[in-house]
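Input: a single structure, listed below in structure tokens.
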Amino acid sequence: MFAEIIWYPHQASTTAESVDWLLLFLVTSCGIVGLMVAVLLIGFAILYRRRPGDRPPPEMRNNVPLELFWTTTPIAIFLVMFGWGAYVYFNAYRPPDDATVLYGVGKQWMWKFQHPEGQREINELHVPTGRPFQIMLTSEDVIHSFFVPEFRVHMDVLPNRYTSVWFQATRPGRYHLFCSQYCGTNHAGLVGTVVVMEPVEYQRWLEERAEGSLALEGRKTFLRYRCISCHSADPHARAPVLEELYGTRVPLSDGRSVLADDDYIRESILHPGAKIVAGWQDIMPTYRGQVSEEEIIELIAFIKGLKKGETPRRVEESPAPGGTPPIKPLTPVTDAPGSPGREGKR
């Protein structure tokens with residue numbers, strides 16, 4: 001029976017070894033200090049206990065070398081812990097530049113994942129060995145936590161924002177995915193599996209489950225919600241141009257600027273009045289309650305890859321069926337005679 005018990009999780013990622021060495025150092029150093037204090041305390045209590053007939057002890061004077069020793073030694077040990085821990089932390093949560101971005105959504109009670117090629121999974125995540133992956137995480141309801149013990153990765157999954165964690169698997173197999181944050185009645189049922197495969201096998205899996213890419217699905221979502229009516233990237237646009245927006249600094253109407261990342265795009269869809277782009281008015285309606293988390297992820301993927309001149313054409317500019325003349329776009333509202341109209345939100 002004991003042979004079937006795994007006393008310590010396998011090291012199945014590039015992060016695991018560095019985390020384990022740090023943990024071993026922390027446990028060993030703290031254990032040695034704690035044992036030394038306990039032994040000295042008990043030994044001194046026995047050895048120097050007061051016996052009948054003993055005279056009062058002499059006056060104690062300061063021992064400067066001893067005081068320096070027990071002051072500087074713990075400080076040095078703590079600084080080593082801090083420096084080592086910071087190094088491991090930054091390596092564990094700063095993904096490589098070539099990391100493949102996946103999206104994960106936690107909800108009561110399932111994990112949903114989307115690959116950039118479009119594959120969708122529920123309570124399973126397939127990845128290959130030898131390739132870094134960054135998981136962008138968000139929640140549809142309450143706080144969850146993404147925890148894979150064999151990878152030594154852990155990240156809280158929060159509603160209304162994105163958090164991320166990365167890993168590079170090194171050992172093929174099936175590994176448990178837990179929610180380590182109590183999230184309600186069926187918290188124990190919010191579990192999944194990370195399936196680590198050889199690269200050739202993973203490529204075969206991708207091809208067998210091939211779907212439209214996230215960016216392609218995002219384009220469909222962009223058109224379905226009529227975002228093109230305002231974000232048309234032409235002289236009649238009533239909202240800012242989205243082409244090559246991702247990763248740039250966006251000037252705001254209050255004089256600040258913000259990085260156009262996943263959180264910014266998500267906030268702009270759900271809370272468009274939170275950050276108004278300089279030169280534009282706050283007229284964009286909220287899509288909160290209309291667009292799902294999966295659709296937001298698709299829109300982000302579409303905007304990420306949107307290059308110059310790739311914005312879809314507005315429907316009213318497209319040829320009508322049967323060869324009839326196209327409908328001309330509406331004349332924009334102008335701020336002053338002779339000036340182009342500029343109104344709208346992102």
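To be explicit about the labels: the chains of the structure tokens are called A, B, and onward in the order shown, and within each one the residues are counted from 1, while ligands get numbers from 1 in the order they are shown.
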Find the residues near stretch 19-29 of chain A: any atom within 10 Å, counting only C-alpha atoms, skip ones fewer than 2 places away on the same chain, and give them as a VMD selection string. chain A and resid 11 14 to 17 31 to 35 77 to 78 80 to 81 84 to 85 88 to 89 92 151 to 153
Could you produce a table of the residues of stretch 70-172 of chain A lying within 9 Å of stretch 282-298 of chain A, with the nearest pair of atoms per residue and their separation in Å rounded to one decimal, using only C-alpha atoms, ordered by chain and increasing residue number, as a Markdown table?
```
| residue | atom | partner | partner_atom | distance |
| --- | --- | --- | --- | --- |
| A:Tyr103 | CA | A:Ile297 | CA | 7.3 |
| A:Val105 | CA | A:Glu293 | CA | 7.5 |
| A:Lys112 | CA | A:Glu294 | CA | 8.9 |
| A:Gln114 | CA | A:Glu294 | CA | 8.2 |
| A:Thr138 | CA | A:Glu293 | CA | 8.3 |
| A:Ser139 | CA | A:Glu293 | CA | 8.4 |
| A:Glu140 | CA | A:Glu293 | CA | 7.0 |
```
Which parts of stretch 221-316 of chain A does DSSP call alpha helix (DSSP H) when run on the backbone here, written out as a VMD selection string? chain A and resid 221 to 224 262 to 270 293 to 304
Once you have the residues from the selection above, write them out as a compact mmCIF listing (two decimals), in the first residue's frame, restricted to N, CA, C and O atoms.
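New file part-v7.txt:
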```txt
# COMPACT_ATOMS: atom_id res chain seq x y z
N THR A 221 -16.55 37.49 -34.09
CA THR A 221 -17.20 38.14 -32.95
C THR A 221 -17.22 39.64 -33.13
O THR A 221 -18.21 40.32 -32.82
N PHE A 222 -16.13 40.19 -33.66
CA PHE A 222 -16.02 41.63 -33.92
C PHE A 222 -17.12 42.09 -34.87
O PHE A 222 -17.73 43.15 -34.67
N LEU A 223 -17.39 41.30 -35.88
CA LEU A 223 -18.43 41.65 -36.84
C LEU A 223 -19.82 41.36 -36.28
O LEU A 223 -20.76 42.12 -36.54
N ARG A 224 -19.96 40.29 -35.50
CA ARG A 224 -21.26 39.92 -34.97
C ARG A 224 -21.82 40.98 -34.03
O ARG A 224 -23.02 41.25 -34.04
N ASP A 262 -4.06 43.01 -22.37
CA ASP A 262 -5.29 42.22 -22.26
C ASP A 262 -6.28 42.86 -21.29
O ASP A 262 -7.48 42.95 -21.58
N ASP A 263 -5.79 43.33 -20.13
CA ASP A 263 -6.68 43.93 -19.14
C ASP A 263 -7.32 45.21 -19.68
O ASP A 263 -8.51 45.46 -19.42
N TYR A 264 -6.55 46.00 -20.40
CA TYR A 264 -7.09 47.25 -20.95
C TYR A 264 -8.20 46.98 -21.96
O TYR A 264 -9.26 47.63 -21.94
N ILE A 265 -7.97 46.02 -22.86
CA ILE A 265 -8.98 45.71 -23.87
C ILE A 265 -10.23 45.15 -23.21
O ILE A 265 -11.36 45.51 -23.55
N ARG A 266 -10.04 44.27 -22.23
CA ARG A 266 -11.19 43.69 -21.53
C ARG A 266 -11.99 44.78 -20.82
O ARG A 266 -13.22 44.81 -20.89
N GLU A 267 -11.30 45.69 -20.15
CA GLU A 267 -11.98 46.77 -19.45
C GLU A 267 -12.71 47.69 -20.43
O GLU A 267 -13.81 48.17 -20.15
N SER A 268 -12.11 47.91 -21.59
CA SER A 268 -12.73 48.78 -22.59
C SER A 268 -14.02 48.20 -23.14
O SER A 268 -14.91 48.94 -23.56
N ILE A 269 -14.13 46.86 -23.14
CA ILE A 269 -15.34 46.22 -23.63
C ILE A 269 -16.44 46.24 -22.56
O ILE A 269 -17.60 46.53 -22.85
N LEU A 270 -16.06 45.95 -21.32
CA LEU A 270 -17.04 45.82 -20.25
C LEU A 270 -17.31 47.13 -19.53
O LEU A 270 -18.42 47.36 -19.05
N GLU A 293 -16.86 35.50 -21.53
CA GLU A 293 -15.41 35.54 -21.34
C GLU A 293 -14.69 34.94 -22.54
O GLU A 293 -13.63 35.44 -22.95
N GLU A 294 -15.24 33.87 -23.11
CA GLU A 294 -14.62 33.26 -24.29
C GLU A 294 -14.61 34.22 -25.46
O GLU A 294 -13.62 34.31 -26.20
N GLU A 295 -15.68 34.97 -25.63
CA GLU A 295 -15.73 35.94 -26.74
C GLU A 295 -14.76 37.09 -26.50
O GLU A 295 -14.17 37.62 -27.46
N ILE A 296 -14.60 37.51 -25.25
CA ILE A 296 -13.61 38.55 -24.95
C ILE A 296 -12.22 38.07 -25.31
O ILE A 296 -11.42 38.81 -25.90
N ILE A 297 -11.90 36.83 -24.97
CA ILE A 297 -10.60 36.25 -25.31
C ILE A 297 -10.40 36.24 -26.82
O ILE A 297 -9.31 36.56 -27.32
N GLU A 298 -11.46 35.90 -27.57
CA GLU A 298 -11.36 35.89 -29.03
C GLU A 298 -11.13 37.30 -29.57
O GLU A 298 -10.32 37.50 -30.49
N LEU A 299 -11.83 38.29 -29.01
CA LEU A 299 -11.64 39.67 -29.46
C LEU A 299 -10.23 40.16 -29.17
O LEU A 299 -9.61 40.86 -29.99
N ILE A 300 -9.68 39.79 -28.00
CA ILE A 300 -8.32 40.19 -27.67
C ILE A 300 -7.34 39.59 -28.66
O ILE A 300 -6.41 40.26 -29.14
N ALA A 301 -7.52 38.30 -29.00
CA ALA A 301 -6.64 37.64 -29.96
C ALA A 301 -6.73 38.32 -31.33
O ALA A 301 -5.71 38.48 -32.02
N PHE A 302 -7.93 38.73 -31.73
CA PHE A 302 -8.10 39.43 -33.02
C PHE A 302 -7.39 40.77 -33.02
O PHE A 302 -6.66 41.11 -33.96
N ILE A 303 -7.56 41.54 -31.94
CA ILE A 303 -6.94 42.86 -31.87
C ILE A 303 -5.42 42.74 -31.76
O ILE A 303 -4.68 43.56 -32.29
N LYS A 304 -4.94 41.70 -31.07
CA LYS A 304 -3.49 41.49 -30.96
C LYS A 304 -2.83 41.40 -32.33
O LYS A 304 -1.75 41.94 -32.56
```
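Atom CA of A:Thr129 lies 6.7 Å from atom CA of A:Pro172.
Pairwise distance (atom CA of A:Pro74, atom CA of A:Asn62) equals 19.5 Å.
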Within 10 Å of A:His231 using only C-alpha atoms, minus same-chain residues under 2 positions, as JSON, numbers by chain: {"A": [222, 226, 227, 228, 229, 233, 234, 236, 237, 238, 239, 240, 241, 242, 243, 311, 312, 314, 344, 345, 346]}
Shell around A:Ala169 at 8 Å using only C-alpha atoms, local window under 6 positions removed, as a tab-separated table (two decimals) with N, CA and C atoms, in the first residue's frame:
```tsv
chain	number	residue	atom	x	y	z
A	12	ALA	N	8.14	18.03	-12.79
A	12	ALA	CA	7.71	17.87	-14.18
A	12	ALA	C	7.79	19.16	-14.98
A	13	SER	N	8.50	20.17	-14.46
A	13	SER	CA	8.67	21.42	-15.20
A	13	SER	C	10.04	22.00	-14.90
A	14	THR	N	10.45	22.98	-15.69
A	14	THR	CA	11.74	23.61	-15.49
A	14	THR	C	11.77	24.43	-14.20
A	127	VAL	N	-0.45	19.97	-23.49
A	127	VAL	CA	0.75	20.74	-23.82
A	127	VAL	C	1.87	19.76	-24.17
A	128	PRO	N	2.87	20.21	-24.95
A	128	PRO	CA	4.02	19.36	-25.24
A	128	PRO	C	5.18	19.61	-24.28
A	129	THR	N	6.14	18.73	-24.27
A	129	THR	CA	7.36	18.95	-23.50
A	129	THR	C	8.27	19.92	-24.25
A	130	GLY	N	9.15	20.59	-23.50
A	130	GLY	CA	10.19	21.42	-24.11
A	130	GLY	C	9.71	22.71	-24.73
A	131	ARG	N	8.52	23.18	-24.39
A	131	ARG	CA	7.99	24.40	-25.00
A	131	ARG	C	7.30	25.23	-23.92
A	132	PRO	N	7.69	26.50	-23.75
A	132	PRO	CA	7.07	27.31	-22.68
A	132	PRO	C	5.67	27.77	-23.05
A	151	PHE	N	4.26	20.88	-11.32
A	151	PHE	CA	4.93	21.97	-12.02
A	151	PHE	C	5.43	23.05	-11.06
A	196	VAL	N	0.66	16.15	-20.55
A	196	VAL	CA	1.93	16.52	-21.18
A	196	VAL	C	2.29	15.44	-22.21
```
Point-to-point distance from atom CA of A:Ile6 to atom CA of A:Val191, Å rounded to tenths: 18.6 Å
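The residue that comes closest to A:Leu216, out of A:Gly305, A:Tyr93, A:Asp254, A:Tyr8 and on the basis of only C-alpha atoms, is A:Gly305.
Those residues of stretch 178-239 of chain A that DSSP, working from the backbone, places in strand (DSSP E) are A:Phe178, A:Cys179, A:Val191, A:Gly192, A:Thr193, A:Val194, A:Val195, A:Val196, A:Met197.
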